[in-house]
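Colleague: Next up is a structure, given as structure tokens.
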Amino acid sequence: MKTLNKIPTSKIERATKLVTTGLKVGVNYAKYYGNKITKTEEEAREQLNEDNATDIYDGLKELKGSALKVAQMLSMEKSLLPNAYVEKFSLSQFSVPPLSGPLVVKTFLKYFKKTPDEVFDTFTVESVNAASIGQVHKATVNNKTLAVKIQYPGVANSISTDLAMVKPIAMKMFNIKGEGSDEYFKEVESKLLEETNYILELKQSNEIANACSKIPNLKFPKYYEEFSSDRILTMDWMDGIHLSEFTKKQLNQETSNKLGQALWDFYMYQLHVLKKVHADPHPGNFLVSPEDDLIVIDFGCMKEVPDDFYVPYFELAVKENIDNLAFFESKLYQLEILKKEDSQEEITFFKELFYEMLSLFTQPFQQEEFDFSDENFFGKIAELGQKYSKSTELKKMNGNRGSKHFIYINRTFFGLYNLMHDLKATNIKINNYKNI
């Protein structure tokens, strides 16, 4: 794979790259209108989506950082984006052009005042995988095999600029109006800044690993403070394959259920017991060991769940509460989905929308065991996403709905559901975390 000797770090360099990408998208639309003459609308639209997804991803992967992180987040929204975007953007999880060897050495010299070979007994200059914020190298010291994550230069300093540039796209995609939108973007910005702080990640990794160590079939690497800094993080090398690669194989149902239960217990234990959750559940953050245990390898994005959000959020996972219309409405106000200034039309519309969404999405919580291989359940979620993404009525209204905490909690559940479905896990005990 081609390596990068330089990453655009200035506002002008990064803006220029995005403008260039925008011009390519414009050319693709011109081709699309030409293709409509010789192809069906469906064929022309499919070609447009493939061309745009490729050009947008190619532009973002050279920028890296939060611009590419947004693509990674969008790749999990399988019900919102055309499949071409999901497939292309999912590459940002663990397969993007890495830094060149000289740039890796330069980064080490900046933070350790030593080269990698002076810090470790052996160090592989070529990265073993590269994602949106950093890339991983293999090293050894004292007969221990280590994974060394190196953050790309300039990532932390460009977050605010990147978000300002992608903000108009995100607002249009999610129907967010200007008024009141800053709170949502500040929440995303604060989490992205946390992800660039490897000292914080080391602390969070140790905390969650210790707290969740008793969950069966779940493994964590050990982290090494002496070989880490705010931009370099060193941990045990964990043998295994990415969850996305594992789920492409012919799965043994017993193994799928074992991994699915471990994954579900991990998230339920964090949410209900720790009130702090690993809010980045994409396949690149999980490995499957040779013994078929689940390995969690990234704790950069952790979301605290305050009680004033946790209580009403999970109260609306109970069917009787959803069906109690007065109670249901009161919780929508508590969660800032409904607002005092709403018109009667808005109140009626959003009550119906969230009743339909929650009645479907909370079904796993209303059963002792759930079958995440159920195509009917996931088909209905996709249909609902498509229905409201095309709703002209919704587009007329302000989409700024809900507490800022929804951004990462909903992202957590969408990602978790998708992973459980990819595993085709069945007979998952929903409240098993209570026995841990």
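The chains in the structure tokens are called A, B, ... from first to last as shown; in each chain the residues are counted from 1, and the ligands are counted from 1 in the order shown.
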Excluding same-chain residues fewer than 3 positions from A:Pro306, what lies within 8 Å of it counting only C-alpha atoms, as a list in words?

Modeller: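 Near neighbours after the sequence-gap exclusion: Lys275, Phe309 and Tyr310 of chain A.
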
Colleague: Residues within 9 Å of A:Thr145, please, as JSON, numbers by chain. Count only C-alpha atoms; anything in the same chain fewer than 2 positions from it doesn't count.

Modeller: {"A": [138, 139, 140, 141, 142, 143, 147, 235, 236, 237, 238]}

Colleague: For the residues in that selection, give me all heavy atoms as a tab-separated table (two decimals), in the first residue's frame.

Modeller:
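Ended up saving to again.tsv:
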chain	number	residue	atom	x	y	z
A	138	LYS	N	4.26	-3.22	15.13
A	138	LYS	CA	4.62	-4.35	15.98
A	138	LYS	C	6.02	-4.14	16.53
A	138	LYS	O	6.92	-3.72	15.80
A	138	LYS	CB	4.55	-5.65	15.17
A	138	LYS	CG	4.42	-6.92	15.98
A	138	LYS	CD	4.10	-8.10	15.07
A	138	LYS	CE	3.78	-9.36	15.86
A	138	LYS	NZ	3.41	-10.49	14.99
A	139	ALA	N	6.20	-4.42	17.82
A	139	ALA	CA	7.51	-4.24	18.46
A	139	ALA	C	7.71	-5.35	19.49
A	139	ALA	O	6.77	-6.05	19.87
A	139	ALA	CB	7.58	-2.87	19.12
A	140	THR	N	8.97	-5.50	19.94
A	140	THR	CA	9.26	-6.42	21.05
A	140	THR	C	10.17	-5.74	22.05
A	140	THR	O	10.98	-4.86	21.70
A	140	THR	CB	9.95	-7.72	20.56
A	140	THR	OG1	11.21	-7.38	19.96
A	140	THR	CG2	9.08	-8.47	19.56
A	141	VAL	N	10.02	-6.13	23.32
A	141	VAL	CA	10.93	-5.69	24.37
A	141	VAL	C	10.90	-6.75	25.47
A	141	VAL	O	9.83	-7.22	25.86
A	141	VAL	CB	10.55	-4.29	24.90
A	141	VAL	CG1	9.23	-4.30	25.65
A	141	VAL	CG2	11.65	-3.71	25.77
A	142	ASN	N	12.07	-7.18	25.89
A	142	ASN	CA	12.17	-8.21	26.94
A	142	ASN	C	11.31	-9.44	26.64
A	142	ASN	O	10.58	-9.93	27.50
A	142	ASN	CB	11.79	-7.63	28.31
A	142	ASN	CG	12.71	-6.51	28.74
A	142	ASN	OD1	13.90	-6.48	28.38
A	142	ASN	ND2	12.18	-5.55	29.47
A	143	ASN	N	11.36	-9.88	25.39
A	143	ASN	CA	10.63	-11.07	24.92
A	143	ASN	C	9.11	-10.90	24.93
A	143	ASN	O	8.38	-11.88	24.80
A	143	ASN	CB	11.01	-12.30	25.76
A	143	ASN	CG	12.47	-12.68	25.57
A	143	ASN	OD1	12.97	-12.64	24.45
A	143	ASN	ND2	13.14	-13.01	26.67
A	147	ALA	N	2.03	-4.01	20.64
A	147	ALA	CA	1.42	-3.19	19.59
A	147	ALA	C	1.62	-1.73	19.96
A	147	ALA	O	1.29	-1.32	21.09
A	147	ALA	CB	-0.07	-3.51	19.48
A	235	MET	N	0.76	-1.31	23.97
A	235	MET	CA	-0.02	-2.34	24.67
A	235	MET	C	0.46	-3.72	24.23
A	235	MET	O	1.27	-3.83	23.29
A	235	MET	CB	-1.51	-2.18	24.35
A	235	MET	CG	-1.85	-2.45	22.90
A	235	MET	SD	-3.42	-1.72	22.34
A	235	MET	CE	-2.85	-0.07	21.89
A	236	ASP	N	-0.03	-4.77	24.89
A	236	ASP	CA	0.28	-6.13	24.45
A	236	ASP	C	-0.21	-6.35	23.03
A	236	ASP	O	-1.29	-5.89	22.65
A	236	ASP	CB	-0.42	-7.16	25.37
A	236	ASP	CG	0.26	-7.31	26.71
A	236	ASP	OD1	1.48	-7.07	26.79
A	236	ASP	OD2	-0.44	-7.64	27.68
A	237	TRP	N	0.57	-7.10	22.27
A	237	TRP	CA	0.11	-7.55	20.96
A	237	TRP	C	-0.88	-8.69	21.18
A	237	TRP	O	-0.59	-9.65	21.89
A	237	TRP	CB	1.29	-8.03	20.12
A	237	TRP	CG	0.86	-8.55	18.78
A	237	TRP	CD1	0.52	-9.82	18.46
A	237	TRP	CD2	0.67	-7.78	17.60
A	237	TRP	NE1	0.14	-9.91	17.14
A	237	TRP	CE2	0.23	-8.65	16.60
A	237	TRP	CE3	0.85	-6.42	17.29
A	237	TRP	CZ2	-0.04	-8.23	15.30
A	237	TRP	CZ3	0.58	-6.00	16.00
A	237	TRP	CH2	0.14	-6.89	15.03
A	238	MET	N	-2.06	-8.57	20.60
A	238	MET	CA	-3.09	-9.59	20.77
A	238	MET	C	-3.28	-10.32	19.44
A	238	MET	O	-3.62	-9.70	18.43
A	238	MET	CB	-4.40	-8.95	21.22
A	238	MET	CG	-4.29	-8.10	22.49
A	238	MET	SD	-3.81	-9.03	23.96
A	238	MET	CE	-5.37	-9.79	24.41

Colleague: Identify all residues of stretch 217-307 of chain A in alpha helix (DSSP H) (DSSP on the backbone) and supply them as a ChimeraX atom specification.

Modeller: /A:243-246,253-269,307

Colleague: Could those selected residues go to a file with N, CA, C and O atoms, as a compact mmCIF listing (two decimals), in the first residue's frame?

Modeller:
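The resulting again.txt:
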# COMPACT_ATOMS: atom_id res chain seq x y z
N LEU A 243 -13.06 -8.48 13.75
CA LEU A 243 -14.40 -9.06 13.79
C LEU A 243 -15.06 -9.07 12.41
O LEU A 243 -15.77 -10.02 12.06
N SER A 244 -14.81 -8.03 11.61
CA SER A 244 -15.42 -7.98 10.28
C SER A 244 -14.90 -9.10 9.39
O SER A 244 -15.65 -9.64 8.56
N GLU A 245 -13.62 -9.46 9.53
CA GLU A 245 -13.06 -10.57 8.75
C GLU A 245 -13.61 -11.90 9.25
O GLU A 245 -13.91 -12.81 8.48
N PHE A 246 -13.75 -11.99 10.57
CA PHE A 246 -14.26 -13.22 11.18
C PHE A 246 -15.68 -13.52 10.71
O PHE A 246 -16.02 -14.67 10.39
N GLN A 253 -22.47 -21.76 14.82
CA GLN A 253 -23.47 -21.07 15.62
C GLN A 253 -23.08 -20.99 17.10
O GLN A 253 -23.30 -19.97 17.76
N GLU A 254 -22.48 -22.05 17.60
CA GLU A 254 -22.06 -22.04 19.01
C GLU A 254 -21.03 -20.94 19.26
O GLU A 254 -21.09 -20.22 20.27
N THR A 255 -20.08 -20.78 18.33
CA THR A 255 -19.05 -19.74 18.46
C THR A 255 -19.67 -18.35 18.33
O THR A 255 -19.32 -17.44 19.09
N SER A 256 -20.58 -18.20 17.37
CA SER A 256 -21.27 -16.92 17.18
C SER A 256 -22.01 -16.51 18.45
O SER A 256 -21.95 -15.35 18.88
N ASN A 257 -22.68 -17.45 19.06
CA ASN A 257 -23.44 -17.16 20.28
C ASN A 257 -22.51 -16.83 21.45
O ASN A 257 -22.80 -15.93 22.25
N LYS A 258 -21.40 -17.53 21.52
CA LYS A 258 -20.41 -17.28 22.58
C LYS A 258 -19.86 -15.85 22.47
O LYS A 258 -19.80 -15.10 23.46
N LEU A 259 -19.47 -15.46 21.25
CA LEU A 259 -18.93 -14.12 21.03
C LEU A 259 -20.01 -13.06 21.21
O LEU A 259 -19.76 -12.00 21.80
N GLY A 260 -21.20 -13.36 20.69
CA GLY A 260 -22.31 -12.41 20.81
C GLY A 260 -22.68 -12.15 22.26
O GLY A 260 -22.93 -11.00 22.65
N GLN A 261 -22.71 -13.20 23.08
CA GLN A 261 -23.05 -13.03 24.49
C GLN A 261 -21.97 -12.22 25.20
O GLN A 261 -22.28 -11.34 26.03
N ALA A 262 -20.71 -12.47 24.89
CA ALA A 262 -19.61 -11.70 25.49
C ALA A 262 -19.73 -10.22 25.12
O ALA A 262 -19.56 -9.33 25.96
N LEU A 263 -20.01 -9.95 23.84
CA LEU A 263 -20.13 -8.57 23.37
C LEU A 263 -21.32 -7.87 24.03
O LEU A 263 -21.20 -6.74 24.51
N TRP A 264 -22.46 -8.56 24.07
CA TRP A 264 -23.66 -7.98 24.68
C TRP A 264 -23.45 -7.73 26.17
O TRP A 264 -23.77 -6.65 26.70
N ASP A 265 -22.88 -8.70 26.88
CA ASP A 265 -22.62 -8.54 28.32
C ASP A 265 -21.66 -7.37 28.58
O ASP A 265 -21.83 -6.62 29.55
N PHE A 266 -20.66 -7.24 27.73
CA PHE A 266 -19.69 -6.15 27.85
C PHE A 266 -20.41 -4.79 27.82
O PHE A 266 -20.17 -3.93 28.67
N TYR A 267 -21.30 -4.63 26.86
CA TYR A 267 -21.99 -3.34 26.73
C TYR A 267 -23.04 -3.13 27.82
O TYR A 267 -23.17 -2.02 28.37
N MET A 268 -23.79 -4.15 28.16
CA MET A 268 -24.81 -3.99 29.19
C MET A 268 -24.18 -3.73 30.56
O MET A 268 -24.69 -2.93 31.35
N TYR A 269 -23.06 -4.39 30.85
CA TYR A 269 -22.38 -4.18 32.13
C TYR A 269 -21.88 -2.74 32.23
O TYR A 269 -22.02 -2.10 33.28
N ASP A 307 -27.12 10.17 35.13
CA ASP A 307 -28.38 9.58 35.59
C ASP A 307 -29.61 10.28 35.00
O ASP A 307 -30.62 9.62 34.72

Colleague: Please indicate the distance in Å from atom CA of A:Phe354 to atom CA of A:Glu329, rounded to one decimal place.

Modeller: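 Calculated distance between atom CA of A:Phe354 and atom CA of A:Glu329 is 10.0 Å.
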
Colleague: Any idea what the distance is between atom CA of A:Thr412 and atom CA of A:Ala279?

Modeller: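 Pair atom CA of A:Thr412 / atom CA of A:Ala279 returns 5.0 Å.
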
Colleague: Take atom CA of A:Asp298 and atom CA of A:Asn157 and report the distance between them in Å, one decimal.

Modeller: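 Here the two named atoms are 21.2 Å from each other.
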
Colleague: Of the candidates A:Arg45, A:Lys387, A:Lys219, A:Lys276, which one gets nearest to A:Glu291 if we count only C-alpha atoms?

Modeller: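 Closest residue, counting only C-alpha atoms: A:Lys219.
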
Colleague: Compile the contact shell of A:Glu368 as a PyMOL selection string: residues with an atom at most 9 Å away, counting only C-alpha atoms, same-chain residues fewer than 3 positions apart removed.

Modeller: chain A and resi 364-365+427-431

Colleague: Among stretch 109-296 of chain A, which residues carry a DSSP assignment of strand (DSSP E), reported as a PyMOL selection string?

Modeller: chain A and resi 122-123+129-130+134-141+144-151+218-219+232-236+241-242+276-278+286-288+294-296

Colleague: If we count only C-alpha atoms, what is near A:Pro221 at a cut-off of 12 Å, once residues fewer than 4 positions away on the same chain are taken out, given as a list of chain:residue names?

Modeller: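 The residues satisfying every condition are A:Thr145, A:Leu146, A:Ala147, A:Val148, A:Leu202, A:Ser205, A:Asn206, A:Ile208, A:Ala209, A:Asn210, A:Ser213, A:Leu233, A:Thr234, A:Met235, A:Asp236, A:Trp237, A:Met238, A:Asp239, A:Gly240, A:Phe286, A:Leu287, A:Ser289, A:Leu294, A:Ile295, A:Val296, A:Ile297, A:Asp298, A:Phe299.
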